[in-house]
Amino acid sequence: MRLYQLNAKQQLPISRDEAWQFLSNPKNLKTITPPHMGFHILSGGDRPMFAGQIIQYMVKPFPFLSTKWVTEITHVVQGEYFVDEQRFGPYALWHHKHFIHETSNGVEIEDIIDYKLPFGFIGTLMHPILVKSQLKKIFEYRKTKLESLFGAIAEKNTILELKSI
């Protein structure tokens with residue numbers, strides 16, 4: 001069993017409240033997800049985020065695979081962070097922490113995702129070929145989209161790291 005971790009950080013020239021209002025609204029996830037992924041919410045995204053909220057999506061992680069993805073919002077600290085965990089979907093484990101840190105220039109948003117692939121050895125082989133590159137593309141798209149919506153901070157704007165843990 002191999003566990004992987006993605007850590008992404010991005011600075012934006014906005015207030016913590018503005019970042020929270022955008023990032024904690026499930027409807028905005030479609031805005032920051034690449035269009036080719038066919039992302040849309042089936043249920044559960046019609047109210048402000050709360051612990052225990054179940055959200056069901058349809059997503060196409062790869063051109064040949066369309067799947068339902070069910071997540072639960074397990075932790076919420078208003079204005080600071082929230083955690084979503086996959087209950088059903090393409091991963092054997094998906095635990096995604098979203099943090100918002102105030103900085104002198106605005107905020108730094110940080111995503112820490114711990115994940116495990118299904119299919120044992122085959123999943124491990126597929127990680128560098130498909131999954132790692134797909135996650136990088138998703139977060140690169142997200143960075144560009146957030147900068148187009150909110151502006152950019154020139155120095156140290158993005159850190160993206162994927163590793164086995």
# chains A, B, ... in the order shown; residues from 1 in each chain; ligands from 1
>>> select_by_dssp(residues="stretch 55-156 of chain A", states="helix (DSSP H, G or I)", output="number ranges by chain")
A: 120-150
>>> select_by_dssp(residues="chain A", states="strand (DSSP E or B)", output="number ranges by chain")
A: 4-12, 40-43, 54-62, 65-77, 81-88, 93-103, 106-116, 158-164
>>> residues_around(residues="stretch 22-38 of chain A", least_positions_apart="5", cutoff="6 Å", atoms="only C-alpha atoms", output="list in words")
Gly45, Val59, Lys60, Pro61 and Arg142 of chain A
>>> write_last_selection(atoms="N, CA and C atoms", output="short mmCIF file (atom, residue, chain, number, x, y, z; two decimals), in the first residue's frame")
data_model
loop_
_atom_site.label_atom_id
_atom_site.label_comp_id
_atom_site.auth_asym_id
_atom_site.auth_seq_id
_atom_site.Cartn_x
_atom_site.Cartn_y
_atom_site.Cartn_z
N GLY A 45 -24.69 20.51 -2.79
CA GLY A 45 -23.92 21.75 -2.90
C GLY A 45 -24.79 22.99 -2.86
N VAL A 59 -17.73 13.41 -12.28
CA VAL A 59 -16.44 13.91 -12.73
C VAL A 59 -15.82 12.91 -13.71
N LYS A 60 -15.03 13.45 -14.64
CA LYS A 60 -14.33 12.62 -15.61
C LYS A 60 -12.83 12.82 -15.37
N PRO A 61 -12.23 12.03 -14.46
CA PRO A 61 -10.81 12.24 -14.13
C PRO A 61 -9.88 11.95 -15.31
N ARG A 142 -6.12 25.40 -11.64
CA ARG A 142 -6.70 26.11 -10.50
C ARG A 142 -5.91 27.39 -10.19
#
>>> closest_residue(among="A:Ile153, A:Leu130, A:Met49, A:Tyr57", to="A:Thr74", atoms="only C-alpha atoms")
A:Met49
>>> residues_around(residues="A:Ser43", least_positions_apart="4", cutoff="12 Å", atoms="only C-alpha atoms", output="mmCIF file with all heavy atoms, in the first residue's frame")
data_model
loop_
_atom_site.group_PDB
_atom_site.id
_atom_site.type_symbol
_atom_site.label_atom_id
_atom_site.label_comp_id
_atom_site.auth_asym_id
_atom_site.auth_seq_id
_atom_site.Cartn_x
_atom_site.Cartn_y
_atom_site.Cartn_z
ATOM 1 N N PRO A 26 -19.369 25.192 -2.347
ATOM 2 C CA PRO A 26 -19.193 24.035 -3.247
ATOM 3 C C PRO A 26 -19.446 24.351 -4.718
ATOM 4 O O PRO A 26 -18.825 23.755 -5.592
ATOM 5 C CB PRO A 26 -20.230 23.029 -2.727
ATOM 6 C CG PRO A 26 -20.442 23.402 -1.299
ATOM 7 C CD PRO A 26 -20.299 24.905 -1.252
ATOM 8 N N LYS A 27 -20.326 25.296 -4.999
ATOM 9 C CA LYS A 27 -20.640 25.628 -6.393
ATOM 10 C C LYS A 27 -19.425 26.186 -7.135
ATOM 11 O O LYS A 27 -19.336 26.083 -8.358
ATOM 12 C CB LYS A 27 -21.792 26.615 -6.454
ATOM 13 C CG LYS A 27 -23.098 25.995 -6.011
ATOM 14 C CD LYS A 27 -24.221 26.995 -6.050
ATOM 15 C CE LYS A 27 -25.496 26.343 -5.530
ATOM 16 N NZ LYS A 27 -26.589 27.296 -5.440
ATOM 17 N N ARG A 47 -26.132 24.582 -0.199
ATOM 18 C CA ARG A 47 -26.144 25.369 1.030
ATOM 19 C C ARG A 47 -24.724 25.633 1.491
ATOM 20 O O ARG A 47 -23.791 24.968 1.039
ATOM 21 C CB ARG A 47 -26.950 24.677 2.125
ATOM 22 C CG ARG A 47 -26.418 23.300 2.478
ATOM 23 C CD ARG A 47 -27.224 22.629 3.560
ATOM 24 N NE ARG A 47 -28.524 22.263 3.026
ATOM 25 C CZ ARG A 47 -29.419 21.546 3.665
ATOM 26 N NH1 ARG A 47 -29.181 21.153 4.876
ATOM 27 N NH2 ARG A 47 -30.553 21.233 3.100
ATOM 28 N N GLN A 53 -21.707 17.588 5.863
ATOM 29 C CA GLN A 53 -22.311 17.792 4.545
ATOM 30 C C GLN A 53 -21.802 16.733 3.568
ATOM 31 O O GLN A 53 -20.606 16.473 3.481
ATOM 32 C CB GLN A 53 -21.960 19.187 4.046
ATOM 33 C CG GLN A 53 -22.596 19.581 2.748
ATOM 34 C CD GLN A 53 -22.298 21.037 2.390
ATOM 35 O OE1 GLN A 53 -21.387 21.647 2.959
ATOM 36 N NE2 GLN A 53 -23.053 21.598 1.481
ATOM 37 N N ILE A 54 -22.719 16.113 2.849
ATOM 38 C CA ILE A 54 -22.385 15.135 1.811
ATOM 39 C C ILE A 54 -22.634 15.803 0.466
ATOM 40 O O ILE A 54 -23.718 16.333 0.218
ATOM 41 C CB ILE A 54 -23.251 13.864 1.933
ATOM 42 C CG1 ILE A 54 -23.052 13.183 3.294
ATOM 43 C CG2 ILE A 54 -22.975 12.903 0.775
ATOM 44 C CD1 ILE A 54 -21.708 12.529 3.496
ATOM 45 N N ILE A 55 -21.624 15.774 -0.394
ATOM 46 C CA ILE A 55 -21.735 16.366 -1.724
ATOM 47 C C ILE A 55 -21.423 15.274 -2.745
ATOM 48 O O ILE A 55 -20.410 14.584 -2.643
ATOM 49 C CB ILE A 55 -20.775 17.559 -1.896
ATOM 50 C CG1 ILE A 55 -21.000 18.581 -0.787
ATOM 51 C CG2 ILE A 55 -20.957 18.200 -3.274
ATOM 52 C CD1 ILE A 55 -19.963 19.679 -0.723
ATOM 53 N N GLN A 56 -22.313 15.141 -3.726
ATOM 54 C CA GLN A 56 -22.150 14.135 -4.772
ATOM 55 C C GLN A 56 -21.878 14.841 -6.103
ATOM 56 O O GLN A 56 -22.613 15.742 -6.494
ATOM 57 C CB GLN A 56 -23.419 13.290 -4.872
ATOM 58 C CG GLN A 56 -23.308 12.165 -5.847
ATOM 59 C CD GLN A 56 -24.567 11.295 -5.866
ATOM 60 O OE1 GLN A 56 -24.500 10.227 -6.405
ATOM 61 N NE2 GLN A 56 -25.680 11.722 -5.328
ATOM 62 N N TYR A 57 -20.802 14.430 -6.775
ATOM 63 C CA TYR A 57 -20.382 15.034 -8.037
ATOM 64 C C TYR A 57 -20.357 13.970 -9.122
ATOM 65 O O TYR A 57 -20.252 12.783 -8.841
ATOM 66 C CB TYR A 57 -18.942 15.558 -7.957
ATOM 67 C CG TYR A 57 -18.559 16.282 -6.711
ATOM 68 C CD1 TYR A 57 -18.012 15.610 -5.626
ATOM 69 C CD2 TYR A 57 -18.709 17.661 -6.623
ATOM 70 C CE1 TYR A 57 -17.645 16.291 -4.485
ATOM 71 C CE2 TYR A 57 -18.332 18.350 -5.487
ATOM 72 C CZ TYR A 57 -17.802 17.663 -4.414
ATOM 73 O OH TYR A 57 -17.444 18.334 -3.284
ATOM 74 N N MET A 58 -20.348 14.444 -10.328
ATOM 75 C CA MET A 58 -19.999 13.617 -11.477
ATOM 76 C C MET A 58 -18.708 14.222 -12.002
ATOM 77 O O MET A 58 -18.587 15.453 -12.111
ATOM 78 C CB MET A 58 -21.090 13.722 -12.516
ATOM 79 C CG MET A 58 -21.352 12.531 -13.358
ATOM 80 S SD MET A 58 -21.374 10.986 -12.498
ATOM 81 C CE MET A 58 -21.288 9.979 -13.927
ATOM 82 N N LYS A 68 -18.991 8.844 -10.413
ATOM 83 C CA LYS A 68 -19.553 9.621 -9.323
ATOM 84 C C LYS A 68 -18.498 9.725 -8.239
ATOM 85 O O LYS A 68 -17.713 8.805 -8.020
ATOM 86 C CB LYS A 68 -20.794 8.941 -8.735
ATOM 87 C CG LYS A 68 -22.023 9.136 -9.559
ATOM 88 C CD LYS A 68 -23.235 8.583 -8.837
ATOM 89 C CE LYS A 68 -24.461 8.751 -9.701
ATOM 90 N NZ LYS A 68 -25.641 8.136 -9.080
ATOM 91 N N TRP A 69 -18.490 10.856 -7.569
ATOM 92 C CA TRP A 69 -17.561 11.087 -6.479
ATOM 93 C C TRP A 69 -18.382 11.650 -5.335
ATOM 94 O O TRP A 69 -19.060 12.662 -5.487
ATOM 95 C CB TRP A 69 -16.486 12.063 -6.924
ATOM 96 C CG TRP A 69 -15.305 12.189 -6.012
ATOM 97 C CD1 TRP A 69 -15.256 11.952 -4.681
ATOM 98 C CD2 TRP A 69 -13.987 12.597 -6.375
ATOM 99 N NE1 TRP A 69 -13.997 12.184 -4.180
ATOM 100 C CE2 TRP A 69 -13.202 12.582 -5.217
ATOM 101 C CE3 TRP A 69 -13.410 12.987 -7.571
ATOM 102 C CZ2 TRP A 69 -11.860 12.939 -5.214
ATOM 103 C CZ3 TRP A 69 -12.076 13.335 -7.554
ATOM 104 C CH2 TRP A 69 -11.314 13.302 -6.401
ATOM 105 N N VAL A 70 -18.354 11.003 -4.202
ATOM 106 C CA VAL A 70 -19.100 11.443 -3.034
ATOM 107 C C VAL A 70 -18.105 11.830 -1.952
ATOM 108 O O VAL A 70 -17.243 11.023 -1.571
ATOM 109 C CB VAL A 70 -20.050 10.337 -2.511
ATOM 110 C CG1 VAL A 70 -20.794 10.799 -1.258
ATOM 111 C CG2 VAL A 70 -21.027 9.923 -3.604
ATOM 112 N N THR A 71 -18.195 13.082 -1.492
ATOM 113 C CA THR A 71 -17.325 13.542 -0.417
ATOM 114 C C THR A 71 -18.159 13.990 0.772
ATOM 115 O O THR A 71 -19.314 14.384 0.633
ATOM 116 C CB THR A 71 -16.421 14.716 -0.857
ATOM 117 O OG1 THR A 71 -17.232 15.808 -1.271
ATOM 118 C CG2 THR A 71 -15.482 14.309 -1.975
ATOM 119 N N GLU A 72 -17.536 13.924 1.935
ATOM 120 C CA GLU A 72 -18.126 14.456 3.159
ATOM 121 C C GLU A 72 -17.232 15.562 3.675
ATOM 122 O O GLU A 72 -16.014 15.414 3.733
ATOM 123 C CB GLU A 72 -18.258 13.375 4.229
ATOM 124 C CG GLU A 72 -18.840 13.917 5.524
ATOM 125 C CD GLU A 72 -18.970 12.881 6.626
ATOM 126 O OE1 GLU A 72 -18.654 11.697 6.392
ATOM 127 O OE2 GLU A 72 -19.389 13.257 7.741
#
>>> atom_distance(atom1="atom CA of A:Tyr81", atom2="atom CA of A:Gly106")
15.9 Å
>>> atom_distance(atom1="atom CA of A:Phe62", atom2="atom CA of A:Lys137")
11.8 Å
>>> atom_distance(atom1="atom CA of A:Gln86", atom2="atom CA of A:Phe139")
18.1 Å
>>> closest_atom_pairs(of="stretch 54-151 of chain A", to="stretch 1-6 of chain A", cutoff="8 Å", atoms="only C-alpha atoms", output="tab-separated table")
residue	atom	partner	partner_atom	distance
A:Asp111	CA	A:Leu6	CA	7.6
A:Ile112	CA	A:Leu6	CA	5.7
A:Ile113	CA	A:Leu6	CA	5.1
A:Asp114	CA	A:Gln5	CA	4.5
A:Tyr115	CA	A:Tyr4	CA	5.3
A:Lys116	CA	A:Leu3	CA	4.9
A:Leu117	CA	A:Arg2	CA	7.8
A:Gly120	CA	A:Met1	CA	6.6
A:Thr124	CA	A:Arg2	CA	7.0
>>> residues_around(residues="A:Ala51", least_positions_apart="4", cutoff="9 Å", atoms="only C-alpha atoms", output="CSV table (one decimal) with N, CA and C atoms, in the first residue's frame")
chain,number,residue,atom,x,y,z
A,72,GLU,N,-17.5,13.9,1.9
A,72,GLU,CA,-18.1,14.5,3.2
A,72,GLU,C,-17.2,15.6,3.7
A,73,ILE,N,-17.8,16.7,4.0
A,73,ILE,CA,-17.1,17.8,4.7
A,73,ILE,C,-17.0,17.3,6.2
A,74,THR,N,-15.8,17.0,6.6
A,74,THR,CA,-15.7,16.4,8.0
A,74,THR,C,-15.4,17.5,9.0
A,75,HIS,N,-14.7,18.5,8.7
A,75,HIS,CA,-14.3,19.6,9.6
A,75,HIS,C,-14.4,20.9,9.0
A,76,VAL,N,-14.9,21.9,9.7
A,76,VAL,CA,-15.0,23.3,9.2
A,76,VAL,C,-14.7,24.2,10.4
A,82,PHE,N,-11.2,23.9,6.0
A,82,PHE,CA,-12.2,22.8,6.0
A,82,PHE,C,-11.5,21.5,5.4
A,83,VAL,N,-12.1,20.4,5.7
A,83,VAL,CA,-11.6,19.1,5.2
A,83,VAL,C,-12.7,18.4,4.5
>>> residues_around(residues="A:Phe99", least_positions_apart="4", cutoff="6 Å", atoms="only C-alpha atoms", output="ChimeraX atom specification")
/A:80-81,109-110
>>> write_last_selection(atoms="C-alpha atoms", output="short mmCIF file (atom, residue, chain, number, x, y, z; two decimals), in the first residue's frame")
data_model
loop_
_atom_site.label_atom_id
_atom_site.label_comp_id
_atom_site.auth_asym_id
_atom_site.auth_seq_id
_atom_site.Cartn_x
_atom_site.Cartn_y
_atom_site.Cartn_z
CA GLU A 80 -9.58 29.15 8.46
CA TYR A 81 -9.93 25.64 7.03
CA ILE A 109 -4.26 29.14 0.32
CA GLU A 110 -2.85 25.72 1.03
#
>>> closest_residue(among="A:Asp17, A:Glu140, A:Gln134, A:Phe50", to="A:Asp84", atoms="only C-alpha atoms")
A:Phe50
>>> closest_residue(among="A:Arg16, A:Tyr141, A:Asn105, A:Tyr91", to="A:Ala154", atoms="only C-alpha atoms")
A:Asn105
>>> decode(residues="stretch 22-34 of chain A", atoms="all heavy atoms", output="mmCIF file, in the first residue's frame")
data_model
loop_
_atom_site.group_PDB
_atom_site.id
_atom_site.type_symbol
_atom_site.label_atom_id
_atom_site.label_comp_id
_atom_site.auth_asym_id
_atom_site.auth_seq_id
_atom_site.Cartn_x
_atom_site.Cartn_y
_atom_site.Cartn_z
ATOM 1 N N PHE A 22 -15.353 32.340 -1.309
ATOM 2 C CA PHE A 22 -15.225 31.668 -2.600
ATOM 3 C C PHE A 22 -14.914 30.174 -2.426
ATOM 4 O O PHE A 22 -15.586 29.318 -2.995
ATOM 5 C CB PHE A 22 -14.143 32.327 -3.451
ATOM 6 C CG PHE A 22 -14.040 31.723 -4.822
ATOM 7 C CD1 PHE A 22 -14.889 32.130 -5.838
ATOM 8 C CD2 PHE A 22 -13.110 30.726 -5.093
ATOM 9 C CE1 PHE A 22 -14.826 31.545 -7.099
ATOM 10 C CE2 PHE A 22 -13.030 30.143 -6.348
ATOM 11 C CZ PHE A 22 -13.891 30.561 -7.350
ATOM 12 N N LEU A 23 -13.879 29.864 -1.650
ATOM 13 C CA LEU A 23 -13.389 28.490 -1.560
ATOM 14 C C LEU A 23 -14.320 27.551 -0.799
ATOM 15 O O LEU A 23 -14.330 26.349 -1.058
ATOM 16 C CB LEU A 23 -11.995 28.471 -0.937
ATOM 17 C CG LEU A 23 -10.920 29.161 -1.770
ATOM 18 C CD1 LEU A 23 -9.635 29.309 -0.965
ATOM 19 C CD2 LEU A 23 -10.662 28.423 -3.072
ATOM 20 N N SER A 24 -15.100 28.074 0.130
ATOM 21 C CA SER A 24 -15.974 27.206 0.913
ATOM 22 C C SER A 24 -17.357 27.024 0.273
ATOM 23 O O SER A 24 -18.198 26.318 0.814
ATOM 24 C CB SER A 24 -16.131 27.750 2.336
ATOM 25 O OG SER A 24 -16.873 28.962 2.338
ATOM 26 N N ASN A 25 -17.579 27.631 -0.875
ATOM 27 C CA ASN A 25 -18.849 27.468 -1.585
ATOM 28 C C ASN A 25 -18.696 26.316 -2.582
ATOM 29 O O ASN A 25 -17.965 26.439 -3.568
ATOM 30 C CB ASN A 25 -19.215 28.760 -2.315
ATOM 31 C CG ASN A 25 -20.549 28.677 -3.020
ATOM 32 O OD1 ASN A 25 -21.052 27.594 -3.311
ATOM 33 N ND2 ASN A 25 -21.119 29.830 -3.312
ATOM 34 N N PRO A 26 -19.369 25.192 -2.347
ATOM 35 C CA PRO A 26 -19.193 24.035 -3.247
ATOM 36 C C PRO A 26 -19.446 24.351 -4.718
ATOM 37 O O PRO A 26 -18.825 23.755 -5.592
ATOM 38 C CB PRO A 26 -20.230 23.029 -2.727
ATOM 39 C CG PRO A 26 -20.442 23.402 -1.299
ATOM 40 C CD PRO A 26 -20.299 24.905 -1.252
ATOM 41 N N LYS A 27 -20.326 25.296 -4.999
ATOM 42 C CA LYS A 27 -20.640 25.628 -6.393
ATOM 43 C C LYS A 27 -19.425 26.186 -7.135
ATOM 44 O O LYS A 27 -19.336 26.083 -8.358
ATOM 45 C CB LYS A 27 -21.792 26.615 -6.454
ATOM 46 C CG LYS A 27 -23.098 25.995 -6.011
ATOM 47 C CD LYS A 27 -24.221 26.995 -6.050
ATOM 48 C CE LYS A 27 -25.496 26.343 -5.530
ATOM 49 N NZ LYS A 27 -26.589 27.296 -5.440
ATOM 50 N N ASN A 28 -18.472 26.777 -6.425
ATOM 51 C CA ASN A 28 -17.302 27.361 -7.076
ATOM 52 C C ASN A 28 -16.256 26.326 -7.487
ATOM 53 O O ASN A 28 -15.327 26.651 -8.219
ATOM 54 C CB ASN A 28 -16.678 28.432 -6.188
ATOM 55 C CG ASN A 28 -17.566 29.658 -6.111
ATOM 56 O OD1 ASN A 28 -18.290 29.977 -7.049
ATOM 57 N ND2 ASN A 28 -17.514 30.338 -4.985
ATOM 58 N N LEU A 29 -16.402 25.105 -7.023
ATOM 59 C CA LEU A 29 -15.434 24.072 -7.404
ATOM 60 C C LEU A 29 -15.446 23.846 -8.918
ATOM 61 O O LEU A 29 -14.402 23.629 -9.528
ATOM 62 C CB LEU A 29 -15.718 22.776 -6.651
ATOM 63 C CG LEU A 29 -14.669 21.686 -6.748
ATOM 64 C CD1 LEU A 29 -13.267 22.197 -6.413
ATOM 65 C CD2 LEU A 29 -15.033 20.528 -5.841
ATOM 66 N N LYS A 30 -16.612 23.953 -9.527
ATOM 67 C CA LYS A 30 -16.684 23.798 -10.984
ATOM 68 C C LYS A 30 -15.855 24.875 -11.690
ATOM 69 O O LYS A 30 -15.196 24.604 -12.697
ATOM 70 C CB LYS A 30 -18.134 23.864 -11.454
ATOM 71 C CG LYS A 30 -18.269 23.690 -12.945
ATOM 72 C CD LYS A 30 -19.703 23.630 -13.398
ATOM 73 C CE LYS A 30 -19.730 23.405 -14.896
ATOM 74 N NZ LYS A 30 -20.769 22.514 -15.307
ATOM 75 N N THR A 31 -15.873 26.093 -11.148
ATOM 76 C CA THR A 31 -15.139 27.208 -11.746
ATOM 77 C C THR A 31 -13.636 26.954 -11.782
ATOM 78 O O THR A 31 -12.965 27.354 -12.727
ATOM 79 C CB THR A 31 -15.418 28.507 -10.943
ATOM 80 O OG1 THR A 31 -16.821 28.739 -10.944
ATOM 81 C CG2 THR A 31 -14.691 29.696 -11.524
ATOM 82 N N ILE A 32 -13.108 26.263 -10.760
ATOM 83 C CA ILE A 32 -11.653 26.073 -10.666
ATOM 84 C C ILE A 32 -11.221 24.655 -11.053
ATOM 85 O O ILE A 32 -10.098 24.249 -10.783
ATOM 86 C CB ILE A 32 -11.125 26.467 -9.268
ATOM 87 C CG1 ILE A 32 -11.789 25.656 -8.155
ATOM 88 C CG2 ILE A 32 -11.302 27.964 -9.048
ATOM 89 C CD1 ILE A 32 -11.213 25.903 -6.774
ATOM 90 N N THR A 33 -12.123 23.923 -11.705
ATOM 91 C CA THR A 33 -11.807 22.581 -12.203
ATOM 92 C C THR A 33 -11.737 22.637 -13.727
ATOM 93 O O THR A 33 -12.599 23.237 -14.362
ATOM 94 C CB THR A 33 -12.895 21.573 -11.756
ATOM 95 O OG1 THR A 33 -12.948 21.553 -10.334
ATOM 96 C CG2 THR A 33 -12.586 20.174 -12.264
ATOM 97 N N PRO A 34 -10.714 22.041 -14.334
ATOM 98 C CA PRO A 34 -10.603 22.087 -15.802
ATOM 99 C C PRO A 34 -11.882 21.596 -16.482
ATOM 100 O O PRO A 34 -12.452 20.569 -16.080
ATOM 101 C CB PRO A 34 -9.433 21.141 -16.093
ATOM 102 C CG PRO A 34 -8.635 21.098 -14.835
ATOM 103 C CD PRO A 34 -9.628 21.261 -13.717
#
